[in-house]
file data19.cif (mmCIF, C-alpha atoms and all ligand atoms)
data_coords
#
loop_
_atom_site.label_atom_id
_atom_site.label_comp_id
_atom_site.auth_asym_id
_atom_site.auth_seq_id
_atom_site.Cartn_x
_atom_site.Cartn_y
_atom_site.Cartn_z
CA VAL N 1 99.08 92.26 81.45
CA ARG N 2 96.10 92.63 83.75
CA LEU N 3 96.40 94.17 87.23
CA LEU N 4 93.61 94.19 89.80
CA VAL N 5 94.17 97.02 92.29
CA THR N 6 92.27 97.71 95.51
CA GLY N 7 90.95 101.22 96.19
CA SER N 8 89.17 103.50 93.73
CA ASN N 9 90.51 106.99 94.30
CA GLY N 10 93.74 106.33 96.19
CA GLN N 11 96.94 107.95 94.94
CA VAL N 12 98.65 104.73 93.84
CA SER N 13 95.44 103.27 92.45
CA MET N 14 94.83 106.43 90.38
CA ALA N 15 98.45 106.49 89.16
CA LEU N 16 98.21 102.83 88.07
CA LYS N 17 94.99 103.55 86.18
CA THR N 18 96.36 106.75 84.59
CA ARG N 19 99.66 105.22 83.52
CA GLY N 20 98.47 101.67 82.80
CA GLN N 21 97.57 101.82 79.14
CA GLU N 22 100.78 103.58 78.10
CA ALA N 23 102.77 100.95 79.99
CA GLY N 24 100.90 98.09 78.34
CA PHE N 25 98.71 97.18 81.32
CA GLU N 26 95.00 96.75 81.74
CA VAL N 27 94.19 98.01 85.23
CA ALA N 28 90.90 97.33 87.01
CA ALA N 29 90.19 98.83 90.42
CA ILE N 30 87.92 97.39 93.09
CA GLY N 31 86.86 99.80 95.82
CA ARG N 32 83.97 100.86 97.95
CA PRO N 33 81.16 99.82 98.08
CA ALA N 34 82.02 96.49 96.36
CA LEU N 35 85.08 96.15 98.61
CA ASP N 36 84.81 97.33 102.22
CA LEU N 37 88.05 96.73 104.08
CA GLU N 38 86.43 97.74 107.37
CA LYS N 39 84.49 94.48 107.11
CA PRO N 40 87.30 91.91 106.84
CA GLN N 41 84.85 88.96 106.75
CA SER N 42 83.45 90.28 103.43
CA VAL N 43 86.82 90.80 101.71
CA LEU N 44 87.66 87.25 100.61
CA ALA N 45 84.41 86.91 98.64
CA ALA N 46 84.66 90.41 97.13
CA ILE N 47 88.22 89.91 95.87
CA SER N 48 87.55 86.34 94.71
CA THR N 49 84.59 87.52 92.64
CA ALA N 50 86.66 90.32 91.10
CA ILE N 51 89.48 87.88 90.28
CA MET N 52 87.03 85.48 88.60
CA GLY N 53 85.59 88.30 86.49
CA PHE N 54 88.82 90.07 85.47
CA ARG N 55 91.39 87.22 85.60
CA PRO N 56 94.33 89.45 86.65
CA HIS N 57 97.94 88.33 86.37
CA VAL N 58 98.77 90.21 89.58
CA VAL N 59 96.72 91.63 92.47
CA VAL N 60 97.96 94.93 93.93
CA ASN N 61 96.73 95.79 97.43
CA ALA N 62 97.11 99.58 97.46
CA ALA N 63 94.08 100.38 99.63
CA ALA N 64 94.82 101.23 103.23
CA PHE N 65 93.88 103.34 106.23
CA THR N 66 96.57 105.94 105.52
CA ALA N 67 95.57 108.81 107.84
CA VAL N 68 98.51 108.42 110.22
CA ASP N 69 97.19 110.73 112.96
CA ASP N 70 93.55 109.56 112.75
CA ALA N 71 94.73 105.96 113.15
CA GLU N 72 95.84 106.76 116.73
CA GLY N 73 92.16 107.29 117.63
CA SER N 74 90.83 104.35 115.55
CA PRO N 75 93.23 101.46 116.12
CA GLU N 76 90.58 98.76 115.58
CA THR N 77 89.49 100.18 112.23
CA ALA N 78 93.10 100.70 111.12
CA PHE N 79 93.90 97.09 112.08
CA ALA N 80 90.83 95.75 110.24
CA VAL N 81 91.76 97.64 107.05
CA ASN N 82 95.55 97.44 107.08
CA ALA N 83 96.13 94.01 108.61
CA GLU N 84 93.12 91.70 108.69
CA SER N 85 91.70 92.69 105.33
CA ALA N 86 95.14 92.72 103.69
CA GLY N 87 95.42 89.08 104.77
CA HIS N 88 92.08 88.27 103.14
CA VAL N 89 93.05 90.02 99.88
CA ALA N 90 96.19 87.86 99.84
CA ARG N 91 94.20 84.71 100.66
CA ALA N 92 91.90 85.35 97.69
CA ALA N 93 94.94 85.89 95.41
CA ASP N 94 96.56 82.71 96.68
CA ALA N 95 93.41 80.63 96.16
CA ALA N 96 93.30 81.83 92.53
CA GLY N 97 97.02 81.16 91.98
CA VAL N 98 97.75 84.88 91.45
CA PRO N 99 100.74 86.66 93.05
CA ILE N 100 100.14 89.74 95.19
CA ILE N 101 101.98 93.04 95.47
CA GLN N 102 101.26 94.56 98.89
CA LEU N 103 102.07 98.24 99.47
CA SER N 104 103.64 99.02 102.80
CA THR N 105 105.41 101.87 104.50
CA ASP N 106 108.66 103.34 105.81
CA TYR N 107 106.77 103.93 109.08
CA VAL N 108 107.41 100.30 110.08
CA PHE N 109 110.78 101.66 111.27
CA ALA N 110 111.46 103.57 114.48
CA GLY N 111 113.86 105.87 112.66
CA THR N 112 116.78 105.69 115.06
CA LYS N 113 119.19 104.38 112.41
CA ALA N 114 121.56 107.00 111.01
CA SER N 115 121.61 105.71 107.42
CA HIS N 116 119.19 104.26 104.87
CA HIS N 117 117.11 101.22 105.85
CA ALA N 118 117.61 97.84 104.25
CA GLU N 119 114.82 95.26 104.07
CA THR N 120 116.63 93.22 106.71
CA ASP N 121 116.76 96.04 109.28
CA PRO N 122 114.66 95.44 112.41
CA THR N 123 111.21 97.02 112.40
CA ASN N 124 109.79 98.86 115.39
CA PRO N 125 106.85 101.09 114.40
CA LEU N 126 106.12 104.16 116.52
CA SER N 127 102.48 104.59 115.51
CA VAL N 128 99.22 102.66 115.19
CA TYR N 129 99.45 103.15 111.42
CA GLY N 130 102.96 101.66 111.33
CA ARG N 131 102.01 98.74 113.61
CA THR N 132 98.91 97.86 111.57
CA LYS N 133 100.83 98.07 108.27
CA LEU N 134 103.53 95.79 109.70
CA ALA N 135 100.81 93.36 110.83
CA GLY N 136 99.49 93.57 107.25
CA GLU N 137 102.90 92.57 105.86
CA ILE N 138 102.91 89.51 108.10
CA ALA N 139 99.30 88.58 107.26
CA VAL N 140 99.98 88.84 103.51
CA ALA N 141 103.19 86.79 103.72
CA ARG N 142 101.35 84.05 105.64
CA ALA N 143 98.37 83.95 103.28
CA CYS N 144 100.11 84.04 99.90
CA ALA N 145 103.58 82.60 99.36
CA ARG N 146 103.96 84.44 96.03
CA HIS N 147 104.02 87.95 97.52
CA LEU N 148 106.06 91.10 97.03
CA ILE N 149 105.78 93.64 99.81
CA LEU N 150 106.82 97.07 98.51
CA ARG N 151 107.58 99.53 101.28
CA THR N 152 107.39 103.05 99.96
CA ALA N 153 107.39 106.51 101.53
CA TRP N 154 106.02 110.08 101.62
CA VAL N 155 103.67 109.54 98.67
CA HIS N 156 102.48 112.53 96.64
CA SER N 157 100.56 112.93 93.40
CA PRO N 158 97.86 115.08 91.79
CA TYR N 159 95.30 112.83 93.54
CA GLY N 160 93.85 112.50 97.02
CA ARG N 161 95.42 114.14 100.06
CA ASN N 162 99.16 114.62 100.31
CA PHE N 163 101.90 116.97 101.50
CA VAL N 164 102.39 118.71 98.13
CA LYS N 165 98.71 119.63 97.87
CA THR N 166 98.63 120.73 101.51
CA MET N 167 101.67 123.01 101.02
CA LEU N 168 100.22 124.62 97.88
CA ALA N 169 96.89 125.22 99.62
CA LEU N 170 98.61 126.79 102.66
CA ALA N 171 100.81 128.97 100.46
CA GLY N 172 97.68 130.43 98.94
CA LYS N 173 96.64 131.62 102.42
CA GLN N 174 99.77 132.52 104.40
CA PRO N 175 103.22 133.92 103.60
CA GLU N 176 105.17 131.71 106.03
CA ILE N 177 104.76 128.03 106.87
CA ARG N 178 106.36 126.15 109.76
CA VAL N 179 107.64 122.79 108.56
CA VAL N 180 109.51 120.02 110.41
CA GLY N 181 113.20 120.00 109.55
CA ASP N 182 114.47 117.05 111.57
CA GLN N 183 112.56 114.14 110.00
CA TRP N 184 114.14 112.60 106.91
CA GLY N 185 112.69 110.44 104.18
CA ASN N 186 112.20 109.88 100.45
CA PRO N 187 109.35 111.92 98.92
CA THR N 188 107.97 109.51 96.32
CA SER N 189 105.57 110.22 93.46
CA ALA N 190 102.66 107.81 93.01
CA PHE N 191 103.55 107.76 89.29
CA ASP N 192 106.98 106.38 90.19
CA ILE N 193 105.38 103.77 92.44
CA ALA N 194 103.12 102.80 89.51
CA ASP N 195 106.19 102.42 87.28
CA GLY N 196 107.87 100.28 89.95
CA ILE N 197 104.78 98.08 90.20
CA PHE N 198 104.72 97.74 86.40
CA ALA N 199 108.39 96.66 86.41
CA ALA N 200 107.72 94.04 89.07
CA ALA N 201 104.48 92.87 87.45
CA ARG N 202 106.24 92.42 84.09
CA ALA N 203 108.79 90.16 85.77
CA LEU N 204 105.99 88.15 87.37
CA ARG N 205 103.97 87.97 84.16
CA ASN N 206 106.87 86.49 82.24
CA GLY N 207 106.79 83.49 84.53
CA GLY N 208 109.39 85.02 86.81
CA GLU N 209 109.73 83.63 90.29
CA PRO N 210 111.76 86.39 91.94
CA ALA N 211 112.85 86.14 95.54
CA TRP N 212 109.47 86.73 97.18
CA GLY N 213 109.30 88.94 100.23
CA VAL N 214 110.00 92.53 101.24
CA TYR N 215 111.44 95.19 98.95
CA HIS N 216 111.98 98.89 99.49
CA PHE N 217 110.91 101.11 96.61
CA ALA N 218 111.10 104.87 97.01
CA ALA N 219 112.46 107.87 95.12
CA SER N 220 116.18 108.43 94.76
CA GLY N 221 117.55 111.19 96.99
CA ASP N 222 116.47 112.24 100.48
CA ALA N 223 114.85 115.26 102.08
CA SER N 224 113.53 116.61 105.34
CA TRP N 225 109.92 117.80 105.29
CA ALA N 226 111.25 121.38 105.31
CA GLN N 227 113.52 120.70 102.32
CA PHE N 228 110.62 119.01 100.54
CA ALA N 229 108.44 122.09 101.19
CA SER N 230 111.16 124.51 100.03
CA GLU N 231 111.60 122.59 96.77
CA ILE N 232 107.81 122.52 96.23
CA PHE N 233 107.72 126.32 96.54
CA ARG N 234 110.85 126.85 94.40
CA GLN N 235 109.38 124.80 91.57
CA SER N 236 105.85 126.13 92.05
CA ALA N 237 107.04 129.76 91.88
CA ALA N 238 108.95 129.00 88.65
CA LEU N 239 105.69 127.65 87.19
CA GLY N 240 103.73 130.72 88.35
CA GLY N 241 102.09 128.82 91.23
CA PRO N 242 101.81 129.73 94.92
CA SER N 243 104.85 129.84 97.17
CA ALA N 244 105.65 130.66 100.78
CA LYS N 245 108.64 131.06 103.08
CA VAL N 246 109.50 127.87 104.96
CA LEU N 247 110.31 128.25 108.66
CA GLU N 248 112.11 125.16 109.83
CA ILE N 249 110.93 123.74 113.16
CA ALA N 250 111.73 120.62 115.17
CA GLY N 251 109.37 117.65 115.11
CA SER N 252 108.93 118.13 118.85
CA GLU N 253 107.45 121.60 118.15
CA TYR N 254 104.81 120.23 115.79
CA ALA N 255 101.77 118.91 117.62
CA SER N 256 100.59 115.67 116.04
CA ARG N 257 98.86 112.63 117.49
CA ALA N 258 101.15 110.03 115.95
CA ALA N 259 104.90 109.84 116.54
CA ARG N 260 106.92 109.74 113.32
CA PRO N 261 110.41 108.35 112.69
CA ALA N 262 113.25 110.89 112.55
CA ASN N 263 114.90 108.93 109.77
CA SER N 264 112.83 106.62 107.60
CA ARG N 265 115.04 106.77 104.51
CA LEU N 266 114.83 103.58 102.45
CA ASP N 267 117.57 101.87 100.47
CA SER N 268 115.86 100.73 97.24
CA GLY N 269 118.94 98.91 95.92
CA ARG N 270 117.53 95.38 96.23
CA PHE N 271 114.54 96.23 94.04
CA ALA N 272 116.85 97.80 91.42
CA VAL N 273 119.00 94.67 91.26
CA VAL N 274 116.11 92.19 91.10
CA PHE N 275 113.72 94.13 88.84
CA GLY N 276 116.17 96.34 86.91
CA HIS N 277 114.30 99.52 87.76
CA ARG N 278 114.99 102.49 90.00
CA ALA N 279 112.80 105.55 90.69
CA PRO N 280 114.17 108.94 89.54
CA ASP N 281 115.41 111.67 91.87
CA TRP N 282 112.46 113.00 93.89
CA ARG N 283 112.93 116.55 92.57
CA VAL N 284 112.47 115.36 88.97
CA SER N 285 109.29 113.48 89.85
CA LEU N 286 107.99 116.38 91.94
CA ALA N 287 108.16 118.54 88.80
CA VAL N 288 105.86 116.10 86.97
CA VAL N 289 103.29 116.24 89.79
CA LEU N 290 103.47 120.03 90.10
CA ARG N 291 103.03 120.56 86.37
CA GLU N 292 99.88 118.45 86.58
CA LEU N 293 98.58 120.23 89.70
CA LEU N 294 99.29 123.75 88.44
CA LYS N 295 98.08 123.39 84.89
CA THR N 296 95.13 125.62 84.17
N1 LIG G 1 100.42 108.14 101.48
C1 LIG G 1 101.66 107.93 101.90
O1 LIG G 1 102.40 108.88 102.19
C2 LIG G 1 102.22 106.54 102.02
C3 LIG G 1 103.53 106.36 102.51
C4 LIG G 1 104.05 105.07 102.59
C5 LIG G 1 103.28 103.99 102.20
N2 LIG G 1 102.00 104.18 101.75
C6 LIG G 1 101.21 103.01 101.40
O2 LIG G 1 100.99 103.03 100.00
C7 LIG G 1 99.70 102.51 99.69
C8 LIG G 1 98.95 103.50 98.83
O3 LIG G 1 98.79 104.72 99.54
P1 LIG G 1 98.01 105.95 98.92
O4 LIG G 1 98.75 107.18 99.31
O5 LIG G 1 97.70 105.66 97.50
O6 LIG G 1 96.66 105.88 99.77
P2 LIG G 1 95.43 106.89 99.74
O7 LIG G 1 95.58 107.88 98.64
O8 LIG G 1 95.18 107.35 101.12
O9 LIG G 1 94.24 105.92 99.29
C9 LIG G 1 93.78 104.93 100.14
C10 LIG G 1 92.90 104.01 99.33
O10 LIG G 1 92.38 103.04 100.24
C11 LIG G 1 91.00 102.97 100.06
N3 LIG G 1 90.34 102.60 101.31
C12 LIG G 1 90.54 103.13 102.53
N4 LIG G 1 89.71 102.55 103.43
C13 LIG G 1 88.99 101.64 102.73
C14 LIG G 1 87.96 100.73 103.08
N5 LIG G 1 87.51 100.65 104.33
N6 LIG G 1 87.43 99.94 102.12
C15 LIG G 1 87.88 100.03 100.85
N7 LIG G 1 88.84 100.88 100.44
C16 LIG G 1 89.39 101.66 101.38
C17 LIG G 1 90.57 104.34 99.64
O11 LIG G 1 89.30 104.23 99.08
P3 LIG G 1 88.52 105.40 98.27
O12 LIG G 1 89.09 105.35 96.89
O13 LIG G 1 87.10 104.96 98.33
O14 LIG G 1 88.81 106.67 98.98
C18 LIG G 1 91.69 104.70 98.69
O15 LIG G 1 91.46 104.18 97.41
C19 LIG G 1 99.06 102.19 101.04
O16 LIG G 1 99.24 100.83 101.32
C20 LIG G 1 99.84 103.01 102.03
O17 LIG G 1 99.84 102.41 103.31
C21 LIG G 1 101.47 105.43 101.63
#

call {"tool": "encode", "arguments": {"input": "data19.cif", "output": "structure tokens", "more": "lines below"}}
Ligand SMILES: NC(=O)c1ccc[n+]([C@@H]2O[C@H](COP(=O)([O-])OP(=O)(O)OC[C@H]3O[C@@H](n4cnc5c(N)ncnc54)[C@H](OP(=O)(O)O)[C@@H]3O)[C@@H](O)[C@H]2O)c1
result
Amino acid sequence: VRLLVTGSNGQVSMALKTRGQEAGFEVAAIGRPALDLEKPQSVLAAISTAIMGFRPHVVVNAAAFTAVDDAEGSPETAFAVNAESAGHVARAADAAGVPIIQLSTDYVFAGTKASHHAETDPTNPLSVYGRTKLAGEIAVARACARHLILRTAWVHSPYGRNFVKTMLALAGKQPEIRVVGDQWGNPTSAFDIADGIFAAARALRNGGEPAWGVYHFAASGDASWAQFASEIFRQSAALGGPSAKVLEIAGSEYASRAARPANSRLDSGRFAVVFGHRAPDWRVSLAVVLRELLKT
């Protein structure tokens, strides 16, 4: 099965490439400079050319403007990348008769709900990032009827920039780290997202016509950022890696440009029923990422 993924060095793109062969997939990535999502008018041609050359069974749009705080200062660029260009990627897939898997985010929710979010829950993003990703969902759905939108959360991996790598780097420099304890979510490994994409792509490849639309796909189990950090340090210390004491603070005490939902936990039950696959507990998957990051 051939997958064309957008973005060269992104966490999900790297995980798809790393895990592809073992899972029976041929994965080709298209990224900068061939694909520049800041120039939406160039995207249709770039993706169409890549589709003609590689003949993928599924297109995965994993590239995005993911710097949540930076997006507050660059709303036009974030919109071009996350919304307009996502629509063009989907248009190219549709024109070639190929289904698209669009990655999206838990930050489409305001986070005021007390329990896990279902796909049918109302969205109300608090940030530019969340608004542009939601606009991307709508653009993709309009451009390509055969679309799966996978909302995931709190992505970490051995690649790129993420919370696990930030915590390990800080622990190397300071004994105590202040971490937000009143925002809840599902820390999800990019490897698990890759496995989820493979499960969905297999269903599509076998001529499946699943219920198209939005699915939540994140790790099993929940955590606050402070709990996530504590578990990183517990596991890291056991592996001989850096650790630090976690001082729990409130989100309101942590200065950041973008507002974040207090509860963005996702219910991934619909994906499990339709595609027969569920991500492991986040602590189990964290161990896989840490072993990779700490190996010498
Ligand atoms: N990270 C999270 O915590 C998180 C949470 C929920 C949902 N998501 C969603 O999951 C998906 C994958 O996220 P991720 O963590 O893998 O992202 P990431 O590691 O930040 O990677 C982003 C990718 O987008 C590419 N990209 C950014 N701007 C581009 C541009 N102008 N032109 C072409 N490519 C561009 C990057 O290119 P280069 O390879 O050239 O750097 C990179 O490959 C995204 O849709 C994201 O919104 C992420």

call {"tool": "closest_residue", "arguments": {"input": "data19.cif", "among": "N:Asp106, N:Glu84, N:Glu137, N:Glu231", "to": "Pro261 (chain N)", "atoms": "only C-alpha atoms"}}
result
N:Asp106

call {"tool": "atom_distance", "arguments": {"input": "data19.cif", "atom1": "CA of Gly221 (chain N)", "atom2": "CA of Ala279 (chain N)"}}
result
9.7 Å

call {"tool": "closest_residue", "arguments": {"input": "data19.cif", "among": "N:Gly269, N:Ser256, N:Lys133, N:Asn263", "to": "Thr112 (chain N)", "atoms": "all atoms listed in the file"}}
result
N:Asn263

call {"tool": "closest_atom_pairs", "arguments": {"input": "data19.cif", "of": "region 36-107 of chain N", "to": "region 23-32 of chain N", "cutoff": "9 Å", "atoms": "only C-alpha atoms", "output": "Markdown table"}}
result
| residue | atom | partner | partner_atom | distance |
| --- | --- | --- | --- | --- |
| N:Asp36 | CA | N:Arg32 | CA | 5.6 |
| N:Leu37 | CA | N:Arg32 | CA | 8.4 |
| N:Ala46 | CA | N:Ile30 | CA | 8.7 |
| N:Ile47 | CA | N:Ile30 | CA | 8.0 |
| N:Ala50 | CA | N:Ile30 | CA | 7.5 |
| N:Phe54 | CA | N:Ala28 | CA | 7.7 |
| N:Pro56 | CA | N:Ala28 | CA | 8.6 |
| N:Ala63 | CA | N:Gly31 | CA | 8.2 |

call {"tool": "residues_near_point", "arguments": {"input": "data19.cif", "point": "(103.6, 97.0, 107.3)", "cutoff": "6 Å", "atoms": "all atoms listed in the file", "output": "count of residues only"}}
result
8

call {"tool": "build_atoms", "arguments": {"input": "data19.cif", "residues": "region 220-255 of chain N", "atoms": "N, CA and C atoms", "output": "PDB file, in the coordinates of the input"}}
result
ATOM      1  N   SER N 220     114.760 108.207  94.496  1.00  0.00           N
ATOM      2  CA  SER N 220     116.180 108.430  94.760  1.00  0.00           C
ATOM      3  C   SER N 220     116.338 109.804  95.421  1.00  0.00           C
ATOM      4  N   GLY N 221     117.301 109.919  96.310  1.00  0.00           N
ATOM      5  CA  GLY N 221     117.550 111.190  96.990  1.00  0.00           C
ATOM      6  C   GLY N 221     116.678 111.320  98.233  1.00  0.00           C
ATOM      7  N   ASP N 222     117.172 112.082  99.189  1.00  0.00           N
ATOM      8  CA  ASP N 222     116.470 112.240 100.480  1.00  0.00           C
ATOM      9  C   ASP N 222     116.099 113.692 100.714  1.00  0.00           C
ATOM     10  N   ALA N 223     115.200 113.899 101.661  1.00  0.00           N
ATOM     11  CA  ALA N 223     114.850 115.260 102.080  1.00  0.00           C
ATOM     12  C   ALA N 223     114.278 115.235 103.479  1.00  0.00           C
ATOM     13  N   SER N 224     114.348 116.399 104.134  1.00  0.00           N
ATOM     14  CA  SER N 224     113.530 116.610 105.340  1.00  0.00           C
ATOM     15  C   SER N 224     112.210 117.188 104.834  1.00  0.00           C
ATOM     16  N   TRP N 225     111.193 117.195 105.707  1.00  0.00           N
ATOM     17  CA  TRP N 225     109.920 117.800 105.290  1.00  0.00           C
ATOM     18  C   TRP N 225     110.130 119.263 104.892  1.00  0.00           C
ATOM     19  N   ALA N 226     111.007 119.967 105.609  1.00  0.00           N
ATOM     20  CA  ALA N 226     111.250 121.380 105.310  1.00  0.00           C
ATOM     21  C   ALA N 226     111.927 121.537 103.942  1.00  0.00           C
ATOM     22  N   GLN N 227     112.875 120.651 103.640  1.00  0.00           N
ATOM     23  CA  GLN N 227     113.520 120.700 102.320  1.00  0.00           C
ATOM     24  C   GLN N 227     112.521 120.369 101.215  1.00  0.00           C
ATOM     25  N   PHE N 228     111.666 119.394 101.496  1.00  0.00           N
ATOM     26  CA  PHE N 228     110.620 119.010 100.540  1.00  0.00           C
ATOM     27  C   PHE N 228     109.732 120.238 100.265  1.00  0.00           C
ATOM     28  N   ALA N 229     109.303 120.913 101.342  1.00  0.00           N
ATOM     29  CA  ALA N 229     108.440 122.090 101.190  1.00  0.00           C
ATOM     30  C   ALA N 229     109.147 123.193 100.397  1.00  0.00           C
ATOM     31  N   SER N 230     110.425 123.443 100.720  1.00  0.00           N
ATOM     32  CA  SER N 230     111.160 124.510 100.030  1.00  0.00           C
ATOM     33  C   SER N 230     111.251 124.222  98.531  1.00  0.00           C
ATOM     34  N   GLU N 231     111.488 122.959  98.191  1.00  0.00           N
ATOM     35  CA  GLU N 231     111.600 122.590  96.770  1.00  0.00           C
ATOM     36  C   GLU N 231     110.235 122.702  96.070  1.00  0.00           C
ATOM     37  N   ILE N 232     109.163 122.354  96.793  1.00  0.00           N
ATOM     38  CA  ILE N 232     107.810 122.520  96.230  1.00  0.00           C
ATOM     39  C   ILE N 232     107.605 123.992  95.853  1.00  0.00           C
ATOM     40  N   PHE N 233     107.976 124.892  96.789  1.00  0.00           N
ATOM     41  CA  PHE N 233     107.720 126.320  96.540  1.00  0.00           C
ATOM     42  C   PHE N 233     108.662 126.889  95.479  1.00  0.00           C
ATOM     43  N   ARG N 234     109.907 126.387  95.439  1.00  0.00           N
ATOM     44  CA  ARG N 234     110.850 126.850  94.400  1.00  0.00           C
ATOM     45  C   ARG N 234     110.302 126.496  93.019  1.00  0.00           C
ATOM     46  N   GLN N 235     109.874 125.250  92.873  1.00  0.00           N
ATOM     47  CA  GLN N 235     109.380 124.800  91.570  1.00  0.00           C
ATOM     48  C   GLN N 235     108.018 125.434  91.242  1.00  0.00           C
ATOM     49  N   SER N 236     107.174 125.557  92.270  1.00  0.00           N
ATOM     50  CA  SER N 236     105.850 126.130  92.050  1.00  0.00           C
ATOM     51  C   SER N 236     105.975 127.583  91.582  1.00  0.00           C
ATOM     52  N   ALA N 237     106.855 128.350  92.251  1.00  0.00           N
ATOM     53  CA  ALA N 237     107.040 129.760  91.880  1.00  0.00           C
ATOM     54  C   ALA N 237     107.516 129.860  90.432  1.00  0.00           C
ATOM     55  N   ALA N 238     108.428 128.970  90.029  1.00  0.00           N
ATOM     56  CA  ALA N 238     108.950 129.000  88.650  1.00  0.00           C
ATOM     57  C   ALA N 238     107.836 128.708  87.643  1.00  0.00           C
ATOM     58  N   LEU N 239     106.812 127.985  88.083  1.00  0.00           N
ATOM     59  CA  LEU N 239     105.690 127.650  87.190  1.00  0.00           C
ATOM     60  C   LEU N 239     104.538 128.655  87.327  1.00  0.00           C
ATOM     61  N   GLY N 240     104.765 129.715  88.142  1.00  0.00           N
ATOM     62  CA  GLY N 240     103.730 130.720  88.350  1.00  0.00           C
ATOM     63  C   GLY N 240     102.704 130.309  89.398  1.00  0.00           C
ATOM     64  N   GLY N 241     103.001 129.285  90.180  1.00  0.00           N
ATOM     65  CA  GLY N 241     102.090 128.820  91.230  1.00  0.00           C
ATOM     66  C   GLY N 241     102.385 129.483  92.564  1.00  0.00           C
ATOM     67  N   PRO N 242     101.621 129.115  93.610  1.00  0.00           N
ATOM     68  CA  PRO N 242     101.810 129.730  94.920  1.00  0.00           C
ATOM     69  C   PRO N 242     103.134 129.315  95.574  1.00  0.00           C
ATOM     70  N   SER N 243     103.668 130.212  96.396  1.00  0.00           N
ATOM     71  CA  SER N 243     104.850 129.840  97.170  1.00  0.00           C
ATOM     72  C   SER N 243     104.816 130.560  98.512  1.00  0.00           C
ATOM     73  N   ALA N 244     105.605 130.074  99.451  1.00  0.00           N
ATOM     74  CA  ALA N 244     105.650 130.660 100.780  1.00  0.00           C
ATOM     75  C   ALA N 244     107.050 130.460 101.342  1.00  0.00           C
ATOM     76  N   LYS N 245     107.351 131.215 102.405  1.00  0.00           N
ATOM     77  CA  LYS N 245     108.640 131.060 103.080  1.00  0.00           C
ATOM     78  C   LYS N 245     108.523 129.888 104.067  1.00  0.00           C
ATOM     79  N   VAL N 246     109.517 129.019 104.061  1.00  0.00           N
ATOM     80  CA  VAL N 246     109.500 127.870 104.960  1.00  0.00           C
ATOM     81  C   VAL N 246     110.287 128.188 106.226  1.00  0.00           C
ATOM     82  N   LEU N 247     109.634 128.079 107.369  1.00  0.00           N
ATOM     83  CA  LEU N 247     110.310 128.250 108.660  1.00  0.00           C
ATOM     84  C   LEU N 247     110.527 126.869 109.251  1.00  0.00           C
ATOM     85  N   GLU N 248     111.800 126.512 109.379  1.00  0.00           N
ATOM     86  CA  GLU N 248     112.110 125.160 109.830  1.00  0.00           C
ATOM     87  C   GLU N 248     111.877 125.026 111.333  1.00  0.00           C
ATOM     88  N   ILE N 249     111.135 123.990 111.731  1.00  0.00           N
ATOM     89  CA  ILE N 249     110.930 123.740 113.160  1.00  0.00           C
ATOM     90  C   ILE N 249     111.329 122.297 113.472  1.00  0.00           C
ATOM     91  N   ALA N 250     111.424 121.994 114.761  1.00  0.00           N
ATOM     92  CA  ALA N 250     111.730 120.620 115.170  1.00  0.00           C
ATOM     93  C   ALA N 250     110.433 119.813 115.234  1.00  0.00           C
ATOM     94  N   GLY N 251     110.545 118.519 115.019  1.00  0.00           N
ATOM     95  CA  GLY N 251     109.370 117.650 115.110  1.00  0.00           C
ATOM     96  C   GLY N 251     108.680 117.786 116.448  1.00  0.00           C
ATOM     97  N   SER N 252     109.486 118.007 117.494  1.00  0.00           N
ATOM     98  CA  SER N 252     108.930 118.130 118.850  1.00  0.00           C
ATOM     99  C   SER N 252     108.073 119.393 118.998  1.00  0.00           C
ATOM    100  N   GLU N 253     108.243 120.355 118.088  1.00  0.00           N
ATOM    101  CA  GLU N 253     107.450 121.600 118.150  1.00  0.00           C
ATOM    102  C   GLU N 253     106.137 121.473 117.398  1.00  0.00           C
ATOM    103  N   TYR N 254     105.986 120.384 116.638  1.00  0.00           N
ATOM    104  CA  TYR N 254     104.810 120.230 115.790  1.00  0.00           C
ATOM    105  C   TYR N 254     103.857 119.241 116.465  1.00  0.00           C
ATOM    106  N   ALA N 255     102.710 119.758 116.886  1.00  0.00           N
ATOM    107  CA  ALA N 255     101.770 118.910 117.620  1.00  0.00           C
ATOM    108  C   ALA N 255     101.067 117.945 116.665  1.00  0.00           C
TER     109      ALA N 255
END
